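Colleague: After the structure tokens below, expect a handful of questions from me.
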Amino acid sequence: MTRTSVTRTMTSRIMLGGFMLIVVLGTSWKARGADAKGPYPSMAPVDQYLIADRNAEIALARTAAPESISRDATVVVLGPHGYETAVEGKNGFVCMVERAWMNPFDSPEFWNPKNRSPICLNPPAARTVLPITVMRTKLLLAGKSKEEVKESIKAAIEKKELPALEPGAMSYMMSKDAYLTDKGGHNMAHLMFYMPLGTVWGANLVDSSNNVSEPFPGSPLLLAPSYKGNPEPIDMFLMGTGVWSDGTAAPM
């Protein structure tokens with residue numbers, strides 16, 4: 001298989017970017033507004049996003065990274081108002097299961113209730129990327145619209161209420177039990193690297209519908225559509241690992 005075909009296969013399996021619930025009914029659902037027409041035009045019923053068994057969510061979160069990393073990591077799980085610490089770790093990593101709303105805001109799968117995206121963030125990412133996830137989740141759970149969420153995050157960045165991205169921020173997404181997208185095999189073992197907006201790494205470009213353009217044919221790197229200044233000043237690069245977190249071979 002050529003590198004170009006590998007890149008196209010990788011892209012068909014990824015739906016990014018990669019943690020929403022709502023606790024009120026009736027007109028509160030309408031307050032969110034309907035998104036563009038598609039299979040997931042608006043938020044599904046709350047219980048479709050929840051993992052009822054807390055221990056099952058902890059176990060799934062730990063599958064994101066090799067056991068040597070995840071066993072000593074902090075684990076957070078999704079509760080009715082946002083993410084809650086379920087296990088206190090000791091190595092600075094944080095493992096969690098993101099939901100589809102960590103995709104770009106214009107993603108057709110933004111409200112996909114089937115999405116389960118285990119991720120383990122290294123210490124720099126836990127300090128500076130995780131707060132974005134936590135804030136986005138909290139705002140959406142409170143019934144804020146996508147535009148309100150974007151404006152709130154933008155304001156928090158400008159006021160330095162959200163920390164600036166630290167050098168070396170990256171994360172593991174190597175779980176064979178993930179469900180990242182409805183497309184194709186719906187999963188892929190990969191690493192993610194967070195860089196300042198505008199970083200040039202020779203990566204091919206992925207849009208919100210998983211279409212790829214190849215300004216750098218043969219490059220194994222992908223620039224994900226998440227963040228990219230909308231509103232976070234971050235570029236997120238992906239590279240397939242070819243191996244799951246348990247050490248078995250992962251199809252590319």
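Letters A, B, ... mark the chains of the structure tokens in the order given; residue numbers begin at 1 per chain; ligand numbers begin at 1, in order shown.
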Fewer than 4 positions away in the same chain doesn't count, so skip those; otherwise give me all residues within 7 Å of Gly92 of chain A, counting only C-alpha atoms, as number ranges by chain.
Modeller: A: 73, 122-123
Colleague: Would you mind listing, for every residue of segment 151-206 of chain A within 10 Å of segment 96-119 of chain A, the two atoms forming the shortest contact and the distance between them in Å to one decimal, using only C-alpha atoms, sorted by chain and ascending residue number, as a tab-separated table?
Modeller:
residue	atom	partner	partner_atom	distance
A:Ser171	CA	A:Ile119	CA	6.6
A:Tyr172	CA	A:Ile119	CA	5.7
A:Met173	CA	A:Ile119	CA	5.0
A:Met174	CA	A:Ile119	CA	7.8
A:Ser175	CA	A:Pro118	CA	6.5
A:Lys176	CA	A:Pro118	CA	9.5
A:Asp177	CA	A:Pro118	CA	8.3
A:Ala178	CA	A:Ser117	CA	5.3
A:Tyr179	CA	A:Arg116	CA	5.0
A:Leu180	CA	A:Asn115	CA	5.5
A:Thr181	CA	A:Asn115	CA	6.5
A:Asp182	CA	A:Glu109	CA	8.2
A:His186	CA	A:Asn115	CA	9.3
A:Asn187	CA	A:Ser117	CA	9.1
A:Leu191	CA	A:Ile119	CA	9.5
A:Met192	CA	A:Ile119	CA	9.7
Colleague: Give the strand (DSSP E) residues of segment 35-119 of chain A, as DSSP finds them on the backbone, and put them as an MDAnalysis selection string.
Modeller: chainID A and resid 74:79 82:87 94:98 117:119
Colleague: Using N, CA, C and O atoms, can you export the residues from the last selection as a PDB file, in the first residue's frame?
Modeller:
ATOM      1  N   THR A  74      -4.721   9.880  36.068  1.00  0.00           N
ATOM      2  CA  THR A  74      -6.011  10.336  36.567  1.00  0.00           C
ATOM      3  C   THR A  74      -7.069   9.983  35.523  1.00  0.00           C
ATOM      4  O   THR A  74      -6.803  10.040  34.312  1.00  0.00           O
ATOM      5  N   VAL A  75      -8.252   9.603  35.968  1.00  0.00           N
ATOM      6  CA  VAL A  75      -9.343   9.299  35.046  1.00  0.00           C
ATOM      7  C   VAL A  75     -10.539  10.176  35.400  1.00  0.00           C
ATOM      8  O   VAL A  75     -10.931  10.269  36.570  1.00  0.00           O
ATOM      9  N   VAL A  76     -11.089  10.840  34.393  1.00  0.00           N
ATOM     10  CA  VAL A  76     -12.304  11.621  34.592  1.00  0.00           C
ATOM     11  C   VAL A  76     -13.427  11.001  33.774  1.00  0.00           C
ATOM     12  O   VAL A  76     -13.186  10.418  32.714  1.00  0.00           O
ATOM     13  N   VAL A  77     -14.643  11.089  34.268  1.00  0.00           N
ATOM     14  CA  VAL A  77     -15.812  10.525  33.589  1.00  0.00           C
ATOM     15  C   VAL A  77     -16.869  11.609  33.436  1.00  0.00           C
ATOM     16  O   VAL A  77     -16.879  12.607  34.157  1.00  0.00           O
ATOM     17  N   LEU A  78     -17.761  11.394  32.488  1.00  0.00           N
ATOM     18  CA  LEU A  78     -18.794  12.376  32.201  1.00  0.00           C
ATOM     19  C   LEU A  78     -19.971  12.237  33.155  1.00  0.00           C
ATOM     20  O   LEU A  78     -20.558  11.160  33.274  1.00  0.00           O
ATOM     21  N   GLY A  79     -20.305  13.314  33.838  1.00  0.00           N
ATOM     22  CA  GLY A  79     -21.471  13.359  34.704  1.00  0.00           C
ATOM     23  C   GLY A  79     -22.524  14.283  34.133  1.00  0.00           C
ATOM     24  O   GLY A  79     -22.349  14.851  33.047  1.00  0.00           O
ATOM     25  N   GLY A  82     -20.924  17.757  33.626  1.00  0.00           N
ATOM     26  CA  GLY A  82     -19.585  17.873  33.068  1.00  0.00           C
ATOM     27  C   GLY A  82     -18.709  16.728  33.515  1.00  0.00           C
ATOM     28  O   GLY A  82     -19.204  15.711  34.010  1.00  0.00           O
ATOM     29  N   TYR A  83     -17.408  16.903  33.339  1.00  0.00           N
ATOM     30  CA  TYR A  83     -16.474  15.842  33.705  1.00  0.00           C
ATOM     31  C   TYR A  83     -16.133  15.896  35.189  1.00  0.00           C
ATOM     32  O   TYR A  83     -15.956  16.975  35.769  1.00  0.00           O
ATOM     33  N   GLU A  84     -16.057  14.715  35.799  1.00  0.00           N
ATOM     34  CA  GLU A  84     -15.778  14.569  37.220  1.00  0.00           C
ATOM     35  C   GLU A  84     -14.587  13.625  37.392  1.00  0.00           C
ATOM     36  O   GLU A  84     -14.450  12.648  36.653  1.00  0.00           O
ATOM     37  N   THR A  85     -13.741  13.912  38.354  1.00  0.00           N
ATOM     38  CA  THR A  85     -12.609  13.028  38.626  1.00  0.00           C
ATOM     39  C   THR A  85     -13.104  11.748  39.281  1.00  0.00           C
ATOM     40  O   THR A  85     -13.756  11.784  40.327  1.00  0.00           O
ATOM     41  N   ALA A  86     -12.793  10.610  38.641  1.00  0.00           N
ATOM     42  CA  ALA A  86     -13.194   9.304  39.177  1.00  0.00           C
ATOM     43  C   ALA A  86     -12.027   8.600  39.858  1.00  0.00           C
ATOM     44  O   ALA A  86     -12.220   7.853  40.813  1.00  0.00           O
ATOM     45  N   VAL A  87     -10.813   8.822  39.338  1.00  0.00           N
ATOM     46  CA  VAL A  87      -9.608   8.193  39.896  1.00  0.00           C
ATOM     47  C   VAL A  87      -8.496   9.233  39.931  1.00  0.00           C
ATOM     48  O   VAL A  87      -8.230   9.894  38.923  1.00  0.00           O
ATOM     49  N   VAL A  94      -3.921  12.329  32.062  1.00  0.00           N
ATOM     50  CA  VAL A  94      -5.359  12.266  32.328  1.00  0.00           C
ATOM     51  C   VAL A  94      -6.024  11.491  31.194  1.00  0.00           C
ATOM     52  O   VAL A  94      -5.866  11.840  30.017  1.00  0.00           O
ATOM     53  N   CYS A  95      -6.757  10.446  31.567  1.00  0.00           N
ATOM     54  CA  CYS A  95      -7.492   9.644  30.586  1.00  0.00           C
ATOM     55  C   CYS A  95      -8.985   9.916  30.735  1.00  0.00           C
ATOM     56  O   CYS A  95      -9.491  10.108  31.849  1.00  0.00           O
ATOM     57  N   MET A  96      -9.672   9.916  29.603  1.00  0.00           N
ATOM     58  CA  MET A  96     -11.103  10.197  29.612  1.00  0.00           C
ATOM     59  C   MET A  96     -11.712   9.632  28.334  1.00  0.00           C
ATOM     60  O   MET A  96     -10.995   9.187  27.439  1.00  0.00           O
ATOM     61  N   VAL A  97     -13.044   9.676  28.252  1.00  0.00           N
ATOM     62  CA  VAL A  97     -13.745   9.300  27.030  1.00  0.00           C
ATOM     63  C   VAL A  97     -14.442  10.552  26.508  1.00  0.00           C
ATOM     64  O   VAL A  97     -15.422  11.021  27.093  1.00  0.00           O
ATOM     65  N   GLU A  98     -13.923  11.105  25.430  1.00  0.00           N
ATOM     66  CA  GLU A  98     -14.565  12.255  24.814  1.00  0.00           C
ATOM     67  C   GLU A  98     -15.840  11.824  24.099  1.00  0.00           C
ATOM     68  O   GLU A  98     -15.995  10.674  23.717  1.00  0.00           O
ATOM     69  N   SER A 117     -14.761   8.214  22.436  1.00  0.00           N
ATOM     70  CA  SER A 117     -13.390   8.489  22.007  1.00  0.00           C
ATOM     71  C   SER A 117     -12.428   8.507  23.194  1.00  0.00           C
ATOM     72  O   SER A 117     -12.128   9.569  23.759  1.00  0.00           O
ATOM     73  N   PRO A 118     -11.916   7.340  23.592  1.00  0.00           N
ATOM     74  CA  PRO A 118     -10.947   7.310  24.687  1.00  0.00           C
ATOM     75  C   PRO A 118      -9.680   8.080  24.318  1.00  0.00           C
ATOM     76  O   PRO A 118      -9.160   7.954  23.204  1.00  0.00           O
ATOM     77  N   ILE A 119      -9.200   8.864  25.264  1.00  0.00           N
ATOM     78  CA  ILE A 119      -8.011   9.674  25.029  1.00  0.00           C
ATOM     79  C   ILE A 119      -7.244   9.813  26.330  1.00  0.00           C
ATOM     80  O   ILE A 119      -7.837   9.935  27.399  1.00  0.00           O
TER      81      ILE A 119
END
Colleague: Please report, as a PyMOL selection string, each residue of segment 6-248 of chain A to which DSSP assigns helix (DSSP H, G or I) when run on this structure's backbone.
Modeller: chain A and resi 6-13+27-32+46-48+54-62+67-70+100-102+123-128+130-141+146-158
Colleague: Between A:Val200, A:Ala156, A:Ala61, A:Leu223, single out the one closest to Ser245 of chain A, counting only C-alpha atoms.
Modeller: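 When distances to Ser245 of chain A are compared using only C-alpha atoms, the smallest one comes from A:Ala61.
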Colleague: Which residue, A:Pro39, A:Gly240, A:Gly198, A:Pro215, has the smallest gap to Lys228 of chain A when you use only C-alpha atoms?
Modeller: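 Ranking A:Pro39, A:Gly240, A:Gly198, A:Pro215 by distance to Lys228 of chain A, first place goes to A:Gly198.
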Colleague: Show me, as a list in words, the residues that have an atom within 12 Å of Asn230 of chain A when counting only C-alpha atoms, minus same-chain residues fewer than 6 positions from it.
Modeller: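 Counting only C-alpha atoms, the residues come to Asn103, Pro104, Phe105, Asp106, Lys146, Glu147, Val149, Lys150, Glu151, Ser152, Ile153, Lys154, Ile157 and Leu197 of chain A.
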Colleague: Selected residues, N, CA and C atoms, written as a PDB file, in the first residue's frame, please.
Modeller:
ATOM      1  N   ASN A 103     -15.550  17.252  18.226  1.00  0.00           N
ATOM      2  CA  ASN A 103     -15.306  17.461  16.808  1.00  0.00           C
ATOM      3  C   ASN A 103     -15.419  18.955  16.494  1.00  0.00           C
ATOM      4  N   PRO A 104     -15.053  19.373  15.280  1.00  0.00           N
ATOM      5  CA  PRO A 104     -15.289  20.774  14.895  1.00  0.00           C
ATOM      6  C   PRO A 104     -16.771  21.115  15.030  1.00  0.00           C
ATOM      7  N   PHE A 105     -17.063  22.373  15.264  1.00  0.00           N
ATOM      8  CA  PHE A 105     -18.449  22.783  15.462  1.00  0.00           C
ATOM      9  C   PHE A 105     -19.313  22.539  14.231  1.00  0.00           C
ATOM     10  N   ASP A 106     -18.710  22.509  13.046  1.00  0.00           N
ATOM     11  CA  ASP A 106     -19.496  22.269  11.833  1.00  0.00           C
ATOM     12  C   ASP A 106     -19.472  20.809  11.391  1.00  0.00           C
ATOM     13  N   LYS A 146     -23.943  26.566  20.015  1.00  0.00           N
ATOM     14  CA  LYS A 146     -22.569  26.466  19.517  1.00  0.00           C
ATOM     15  C   LYS A 146     -21.911  27.839  19.430  1.00  0.00           C
ATOM     16  N   GLU A 147     -22.648  28.820  18.926  1.00  0.00           N
ATOM     17  CA  GLU A 147     -22.075  30.152  18.788  1.00  0.00           C
ATOM     18  C   GLU A 147     -21.770  30.756  20.151  1.00  0.00           C
ATOM     19  N   VAL A 149     -20.987  29.070  22.811  1.00  0.00           N
ATOM     20  CA  VAL A 149     -19.823  28.347  23.317  1.00  0.00           C
ATOM     21  C   VAL A 149     -18.551  28.914  22.706  1.00  0.00           C
ATOM     22  N   LYS A 150     -18.562  29.100  21.393  1.00  0.00           N
ATOM     23  CA  LYS A 150     -17.371  29.641  20.723  1.00  0.00           C
ATOM     24  C   LYS A 150     -17.019  31.028  21.255  1.00  0.00           C
ATOM     25  N   GLU A 151     -18.029  31.871  21.439  1.00  0.00           N
ATOM     26  CA  GLU A 151     -17.766  33.218  21.943  1.00  0.00           C
ATOM     27  C   GLU A 151     -17.232  33.180  23.369  1.00  0.00           C
ATOM     28  N   SER A 152     -17.755  32.280  24.180  1.00  0.00           N
ATOM     29  CA  SER A 152     -17.298  32.172  25.567  1.00  0.00           C
ATOM     30  C   SER A 152     -15.855  31.694  25.632  1.00  0.00           C
ATOM     31  N   ILE A 153     -15.515  30.714  24.795  1.00  0.00           N
ATOM     32  CA  ILE A 153     -14.137  30.208  24.773  1.00  0.00           C
ATOM     33  C   ILE A 153     -13.184  31.282  24.262  1.00  0.00           C
ATOM     34  N   LYS A 154     -13.603  31.978  23.222  1.00  0.00           N
ATOM     35  CA  LYS A 154     -12.765  33.056  22.680  1.00  0.00           C
ATOM     36  C   LYS A 154     -12.502  34.109  23.743  1.00  0.00           C
ATOM     37  N   ILE A 157     -10.053  32.867  26.361  1.00  0.00           N
ATOM     38  CA  ILE A 157      -8.671  32.885  25.857  1.00  0.00           C
ATOM     39  C   ILE A 157      -8.106  34.294  25.921  1.00  0.00           C
ATOM     40  N   LEU A 197      -1.261  27.699  16.405  1.00  0.00           N
ATOM     41  CA  LEU A 197      -1.930  27.897  15.126  1.00  0.00           C
ATOM     42  C   LEU A 197      -0.947  28.386  14.069  1.00  0.00           C
TER      43      LEU A 197
END
Colleague: When you count only C-alpha atoms, which of these residues is closest to Gly247 of chain A: A:Ile132, A:Leu60, A:Leu121, A:Ala189?
Modeller: A:Ala189
Colleague: Give the answer as one residue: which of A:Asn55, A:Thr133, A:Asn204, A:Thr199 has the shortest atom-to-atom distance to Pro220 of chain A, using only C-alpha atoms?
Modeller: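 Among the listed residues, A:Asn204 lies closest to Pro220 of chain A.
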Colleague: Could you please determine the separation between atom CA of Met43 of chain A and atom CA of Ser145 of chain A in Å, to one decimal place?
Modeller: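 Taking atom CA of Met43 of chain A as the start and atom CA of Ser145 of chain A as the end point, the length is 10.9 Å.
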Colleague: Could you check which of A:Pro231, A:Gly202, A:Pro196, A:Pro45 is closest to Ala164 of chain A, using only C-alpha atoms?
Modeller: A:Pro196
Colleague: Near segment 68-70 of chain A, counting only C-alpha atoms, which residues have an atom at most 8 Å away, once you skip same-chain residues fewer than 6 positions from it, shown as a PyMOL selection string?
Modeller: chain A and resi 62+91+93+95+120
Colleague: Rank A:Asn210, A:Thr241, A:Ser42, A:Gln48 by their smallest atom-to-atom distance to Ser226 of chain A, using only C-alpha atoms, and report the top residue only.
Modeller: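 Of A:Asn210, A:Thr241, A:Ser42, A:Gln48, the one nearest Ser226 of chain A, counting only C-alpha atoms, is A:Asn210.
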